[in-house]
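Asker: Before I ask anything, here is the structure I am working with.
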Amino acid sequence: MAKTKFPQGLPSRQQVLDFIAQSAEPAGKREIAKAFGLKGTEKIALKALLKDMAEEGLIDGNRTAFHAMGGVPKVTVLRVVEIDEGHVLAIPDSWQPDDASPPPRLRVIEPKGKARDRQAALKPGDRVLARTEEVGGPGSGKWLAHPMKKLPQQSEQVMGVVELDGAGKGWLAPIDKRERHAAPISDLGGAEAGQLVLAEPAGRSPRSGMRVTAVLGDPLAPRAFSLIAIHKHGIPMTFAPEALDEAQAAARLPLSQDHREDLRALPIVAIDPSDARDHDDAIWAEPDGAGGFRALVAIADVSFYVRPGGQLDRDARKRGNSVYFPDRVVPMLPEVLSADVCSLKSGADRAAMACHLHIAADGRIQDFRFTRALVRIHEVIAYEEAQARIDEDRAEPHLQHLWAAWRLLEKARKARDPLELELPERRVMLDEQGRIAQIALRERLDAHRVVEDFMIAANVAAAKALEAKTAPVVYRIHEPPSREKLLALKDYLATFERKLSLGQVITPGLFNRMLKDVTDEAERALVMEAVLRSQTQAYYGPRNAGHFGLALGSYAHFTSPIRRYADLLVHRALVDAYGLEQPRPADHGIPATSGLSDRDRGDLARVSDAISAAERRAMEAERETIDRYVAAWLSTRVGEVFDTRITGVQKFGLFATILGLGGDGLVPVSTLGAERFNYDEKAQRLIGELSGEEFAMGMILKLRLAEANPLTGALKFEPVDVAEGVQRIERRGGKLDVKPKVRGKHMVGQRGRPGNIRHQGRRR
C-alpha cells in the first residue's frame with residue numbers, strides 16, 4: 001500500500017478514485033475505510049458512496065475489491081463471450097468507460113484436475129469472479145483470468161404496468177409496443193393496479209414470474225411519459241455532487257476583458273423558440289459596402305467553464321447531449337451553467353466564441369476568423385416575433401440586415417443544391433398542469449431558415465479553420481446512400497415507371513430534381529418517403545467523409561456547445577489551434593486549461609463513437625415520448641375516422657400516419673378483407689389475390705382509429721367499411737363505442753386486453 005497520508009473523514013468521489021489509483025493491491029471497502037479513518041456511521045455512508053460510484057460507472061461493482069473503471073481490476077466479474085477452439089474468452093461484466101473504448105478480451109484459464117471436475121465447463125453468458133493478470137508487460141493489452149467463483153446470472157429490469165385479473169392475480173403489462181404479452185407477477189412488492197413499476201424475474205424459470213423492485217407511480221400522470229423513456233434508455237438525470245460544486249465554482253470565474261475581443265457594442269440578437277431556456281447562439285450582420293456583408297455568429301463559450309479532466313466534464317461526456325421532451329429537458333450541463341451563466345441572455349455580459357464571417361455578394365464565405373469575445377445580447381426574439389416584424393415592415397435595421405445577409409447565403413445554398421425533404425415536425429404543447437393542450441405540426445418560417453443558414457456557415461468555417469491548422473476535428477458526417485439502398489430505391493421507383501440510373505454520380509440535387517418532376521401529390525409523397533429511407537444516419541467521427549445531405553465537403557458542429565458535447569470538443573480544438581487559452585483560474589479546484597485533453601487529442605474516434613451513441617439514444621427516447629403523448633391525446637377519439645397516408649407496407653399490414661397530426665399506427669392485414677393479400681416487397685404494396693385491390697406507399701385512406709395505447713404509444717387503425725366476415729379490431733378493454741373514462745385528471749380508455757384474449761406468459 002502506498003504510504004500517502006489521506007485526509008481523515010468521509011472521502012469525496014475523487015479522493016476514492018485517487019486512493020484506488022495509488023493502491024498496489026485490490027482496494028476494498030475495508031482498506032478505504034482504514035485509510036480515511038472511518039468509523040461507525042461513516043462506514044455506512046462509505047458503503048452507499050461506493051454503491052453510487054459503481055452505478056455511475058466510476059468504479060467496478062465488486063464488494064471486495066474496487067478499481068477505477070477503464071482498466072481491468074485485479075479481482076473483477078467477467079462475462080464469457082466466446083469459446084474459441086477450446087479457449088474461453090471473457091470481457092469485464094461492468095464496462096462503462098466514458099470514452100466508449102471497447103472492453104478488453106481476457107483468456108480464462110480454467111482449473112485443471114479435481115478442481116475442474118467440481119466445476120461445470122464455462123459457456124457463453126456465464127459470469128465469474130476472477131483474478132486477472134496482464135502478460136507481456138504493462139500496456140500490452142494481453143490479459144489472463146483465473147476464475148475464483150461462478151456467479152448467478154444477472155437479470156435486467158423490465159418496466160411495465162401492473163394489471164390485476166378477475167382472480168386478483170397480478171400481471172406486468174409491457175410498455176414496449178413490440179412486446180405483445182404480459183408476464184405474471186409473483187411478488188407485487190406493494191404495487192397497486194395501474195401503477196408503473198420496475199420488475200425483474202423472480203427465478204430462473206419463466207413460471208417463477210416477475211418480482212416488482214420499484215414503484216414509479218401513475219403511468220398516465222403528467223410528466224410520466226418522459227420518465228418512462230428516461231428509465232427505459234438509462235438517460236442520466238442527476239449530476240455527481242462534485243460536478244455541481246465544480247459548476248458553481250466555474251460560474252464564478254471572472255471574465256477578463258484583456259484577453260477577449262469586446263463586442264458588447266454590437267446589436268447582436270438571439271432568435272430562438274419562444275419557450276427556449278438556454279440560448280447557445282446569436283447573430284449580427286452589416287453591409288460591407290461592396291454588395292456583401294460582414295457577419296458575426298456568437299456562440300456561448302462553454303469551453304471556458306467546462307474544462308477537460310474535471311467531474312463536470314465527465315458527467316457532460318456521459319450525457320453526450322441534452323434530451324428534450326415536451327414536459328422537461330434533461331440538460332447536458334448543470335442548470336447554473338446551461339440556463340444561466342453560459343446562456344446568451346439579453347442585457348448581460350457573456351463569454352462567447354465569436355465566428356467572424358465575410359459574406360460575398362454571391363453568398364460565398366470569403367473569409368473567417370475566430371476569437372474569444374465579450375458580448376452583450378441586444379435582444380432575445382422568438383422566431384414568430386422576428387418573422388412578424390419582417391413581414392409587417394416594422395423590423396429594426398439590424399434585423400433587416402440579417403435577412404438581407406441571409407438572402408445571399410440562401411443564394412449560395414441553392415447553388416450548392418443540398419437535399420430538400422419536407423419533413424413535418426410534431427409539436428406537443430402542454431398546459432400549466434402538464435396536460436396536453438394541443439398537438440400540431442411545427443410551422444416552418446423564414447426566421448428558422450435565417451438562423452439555420454448562419455449556423456451552417458459557422459459550422460463549415462469551424463471545420464475549415466481546424467483543417468487549416470491540421471488540428472483534430474470532430475466532423476459531423478453524413479455519408480452518401482449505400483449501393484444496396486440505391487438498388488432498392490431503383491427497384492421501387494421502377495414499379496411506377498420512374499428511372500434511377502446508378503451509372504451517374506449520386507448527389508442531393510439528383511433527388512431534388514426527381515421530386516420536382518413529380519406533380520401528383522400522392523406520388524410525390526411516395527418518392528419522398530423512398531428517398532428518405534435510402535439515406536444513411538449522420539454520426540460524429542474524426543475522419544472526414546463529407547456531409548451528403550448538406551452537399552458540403554467539410555462540416556463540424558460548433559454552434560450548440562450548451563447542449564452537444566461534440567460542439568464543445570470543436571471549441572476546445574479551436575482554443576488550441578488558434579492560441580485562445582485564457583488565464584489560469586485562481587480556483588485550483590477547476591482544471592487549468594480549456595483546450596483538448598491529451599486523451600481526446602490522441603484518439604477522438606472513441607469519444608466520437610460515444611457521443612454518436614448518446615445522440616441515437618436521445619432521438620429514440622424523444623420519439624417514443626412523442627408517440628406516447630400522441631396516443632394519449634387520441635385515446636379519447638377512438639372510433640373517429642381520420643384522413644391518413646400510408647407510410648409503410650409489410651406482409652402483416654400497413655403503417656399509416658394521420659395527416660396534419662403525425663400519429664403513426666398499424667392497419668393489420670386481417671382487417672383489409674376476407675381474401676388473401678400478397679406482399680410485393682419491391683413495389684412496397686399489398687395486392688388482393690381475388691379482387692386485385694392494392695394498398696401502396698403514399699396512398700391517402702380514410703381509416704377508423706381502433707386503438708390508442710398511451711403506455712406503449714401504439715395506434716391501430718382499420719378500414720371504415722369492414723368487409724363481411726372480417727373481424728374488426730376490438731378496442732383494448734371493450735368495444736369501439738365505449739366512451740373513455742375519466743381517471744384522475746386524465747381522459748383514458750380502459751387498460752387491459754380484449755375480453756376474448758387471456759393473459760399469456762412469455763414463452764422461452
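Residues are named by chain letter and number: chains run A, B, ... in the order of the C-alpha cells, numbers start at 1 in each chain, and ligands are numbered from 1 in the order shown.
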Could you give me, as CSV, every stretch 397-502 of chain A residue with an atom at most 8 Å from stretch 683-699 of chain A, plus its closest atom pair and distance in Å to one decimal, counting only C-alpha atoms, rows ordered by chain then number?

Answerer:
```
residue,atom,partner,partner_atom,distance
A:Asp491,CA,A:Ala683,CA,7.5
A:Tyr492,CA,A:Ala683,CA,5.1
A:Leu493,CA,A:Ala683,CA,7.9
A:Thr495,CA,A:Ala683,CA,5.6
```

Asker: If you run DSSP on the backbone, which residues of stretch 284-438 of chain A are strand (DSSP E), as a PyMOL selection string?

Answerer: chain A and resi 284-287+293-300+323-324+329-330+349-359+365-376+379-382+426-430+436-438

Asker: Do a neighbour search on A:Ala631 at 10 Å with only C-alpha atoms, toss out local chain neighbours closer than 3 positions, and write the hits as a list in words.

Answerer: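 Returned residues: Thr625, Ile626, Asp627, Arg628, Leu634, Ser635, Thr636, Arg637, Gly663, Asp664, Gly665, Glu707, Ala708, Asn709, Pro710, Leu711, Thr712, Gly713, Ala714, Leu715 and Val748 of chain A.
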
Asker: Could the residues in this selection be saved with C-alpha atoms as a PDB file, in the first residue's frame?

Answerer:
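What follows is the written file result_38.pdb:
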```
ATOM      1  CA  THR A 625     -42.236  10.067 -25.748  1.00  0.00           C
ATOM      2  CA  ILE A 626     -43.934  11.998 -28.550  1.00  0.00           C
ATOM      3  CA  ASP A 627     -45.639   8.752 -29.650  1.00  0.00           C
ATOM      4  CA  ARG A 628     -46.998   8.246 -26.124  1.00  0.00           C
ATOM      5  CA  LEU A 634     -56.032  10.274 -29.343  1.00  0.00           C
ATOM      6  CA  SER A 635     -57.240   7.842 -26.664  1.00  0.00           C
ATOM      7  CA  THR A 636     -60.377   9.979 -26.242  1.00  0.00           C
ATOM      8  CA  ARG A 637     -61.068   9.827 -30.001  1.00  0.00           C
ATOM      9  CA  GLY A 663     -49.742   9.827 -35.308  1.00  0.00           C
ATOM     10  CA  ASP A 664     -48.374   6.565 -36.752  1.00  0.00           C
ATOM     11  CA  GLY A 665     -50.316   3.318 -36.439  1.00  0.00           C
ATOM     12  CA  GLU A 707     -56.964   1.545 -30.546  1.00  0.00           C
ATOM     13  CA  ALA A 708     -54.733   4.152 -28.886  1.00  0.00           C
ATOM     14  CA  ASN A 709     -52.444   2.928 -26.107  1.00  0.00           C
ATOM     15  CA  PRO A 710     -50.690   5.737 -24.201  1.00  0.00           C
ATOM     16  CA  LEU A 711     -48.476   3.277 -22.328  1.00  0.00           C
ATOM     17  CA  THR A 712     -46.782   1.927 -25.445  1.00  0.00           C
ATOM     18  CA  GLY A 713     -47.515   4.794 -27.850  1.00  0.00           C
ATOM     19  CA  ALA A 714     -49.113   2.279 -30.239  1.00  0.00           C
ATOM     20  CA  LEU A 715     -52.059   3.105 -32.513  1.00  0.00           C
ATOM     21  CA  VAL A 748     -58.134   7.483 -20.953  1.00  0.00           C
TER      22      VAL A 748
END
```

Asker: For a quick check of understanding, using only C-alpha atoms, which of A:Arg543, A:Lys5, A:Lys318, A:Lys702 has the smallest distance to A:Met237?

Answerer: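 Among A:Arg543, A:Lys5, A:Lys318, A:Lys702, it is A:Lys318 that comes nearest to A:Met237.
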
Asker: Would you mind listing what lies within 8 Å of A:Lys169 as a list of chain:residue names, with only C-alpha atoms counted and same-chain residues fewer than 4 positions away left out?

Answerer: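 Those residues are A:Leu164, A:Asp165, A:Pro184, A:Ile185.
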
Asker: Residues within 8 Å of A:Gly363, please, as a list in words. Count only C-alpha atoms; anything in the same chain fewer than 2 positions from it doesn't count.

Answerer: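 Residues near the query, excluding close chain neighbours: Gly292, Ile359, Ala360, Ala361, Ile365, Arg407, Leu408, Leu409, Glu410, Lys411 and Ala412 of chain A.
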
Asker: I need the residues from that last selection saved to file as a PDB file, in the first residue's frame (with C-alpha atoms), if you can.

Answerer:
```pdb
ATOM      1  CA  GLY A 292     -21.726  41.676 -49.332  1.00  0.00           C
ATOM      2  CA  ILE A 359     -20.144  37.046 -46.938  1.00  0.00           C
ATOM      3  CA  ALA A 360     -19.539  37.912 -50.591  1.00  0.00           C
ATOM      4  CA  ALA A 361     -22.255  39.242 -52.912  1.00  0.00           C
ATOM      5  CA  ILE A 365     -17.881  32.915 -47.410  1.00  0.00           C
ATOM      6  CA  ARG A 407     -30.723  36.034 -48.829  1.00  0.00           C
ATOM      7  CA  LEU A 408     -27.101  35.927 -50.023  1.00  0.00           C
ATOM      8  CA  LEU A 409     -26.447  32.745 -48.012  1.00  0.00           C
ATOM      9  CA  GLU A 410     -29.666  31.312 -49.453  1.00  0.00           C
ATOM     10  CA  LYS A 411     -28.385  32.053 -52.960  1.00  0.00           C
ATOM     11  CA  ALA A 412     -25.216  30.083 -52.235  1.00  0.00           C
TER      12      ALA A 412
END
```

Asker: Under the rule that only C-alpha atoms are counted, which of A:Phe6, A:Asp327, A:Asn678, A:Ala447 is the nearest residue to A:Gln433?

Answerer: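 For A:Gln433, the nearest of the candidates is A:Asp327.
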
Asker: Residues within 10 Å of A:Lys142, please, as a count of residues only. Count only C-alpha atoms; anything in the same chain fewer than 6 positions from it doesn't count.

Answerer: 8

Asker: Write out as a list of chain:residue names the residues lying within 7 Å of A:Phe642, counting only C-alpha atoms and excluding same-chain residues fewer than 2 positions away.

Answerer: A:Glu640, A:Thr644, A:Ile658, A:Lys702, A:Leu703, A:Arg704

Asker: For atom CA of A:Leu172 and atom CA of A:Gly203, determine how far apart the two atoms are, in Å to one decimal place.

Answerer: 15.6 Å

Asker: Work out how far apart atom CA of A:Phe368 and atom CA of A:Phe548 are and give it in Å to one decimal.

Answerer: 23.2 Å

Asker: Measure the distance from atom CA of A:Lys232 to atom CA of A:Ala618 in Å and round it to one decimal.

Answerer: 11.3 Å

Asker: Can you work out which one of A:Asp84, A:Glu246, A:Glu432, A:Glu615 has the shortest atom-to-atom distance to A:Asp313, counting only C-alpha atoms?

Answerer: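 Under the stated criterion, the closest residue is A:Glu246.
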
Asker: Go through A:Pro508, A:Gly553, A:Gly653, A:Gly434 one by one, measure the shortest atom-to-atom distance of each to A:Ala461 using only C-alpha atoms, and give the residue with the smallest value.

Answerer: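 Looking only at the distances to A:Ala461, the closest residue turns out to be A:Gly553.
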
Asker: Given the choices A:Pro287, A:Pro103, A:Gly549, A:Pro424, which gets closest to A:Glu479 if the distance is worked out from only C-alpha atoms?

Answerer: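 Once distances to A:Glu479 are computed over only C-alpha atoms, the minimum belongs to A:Gly549.
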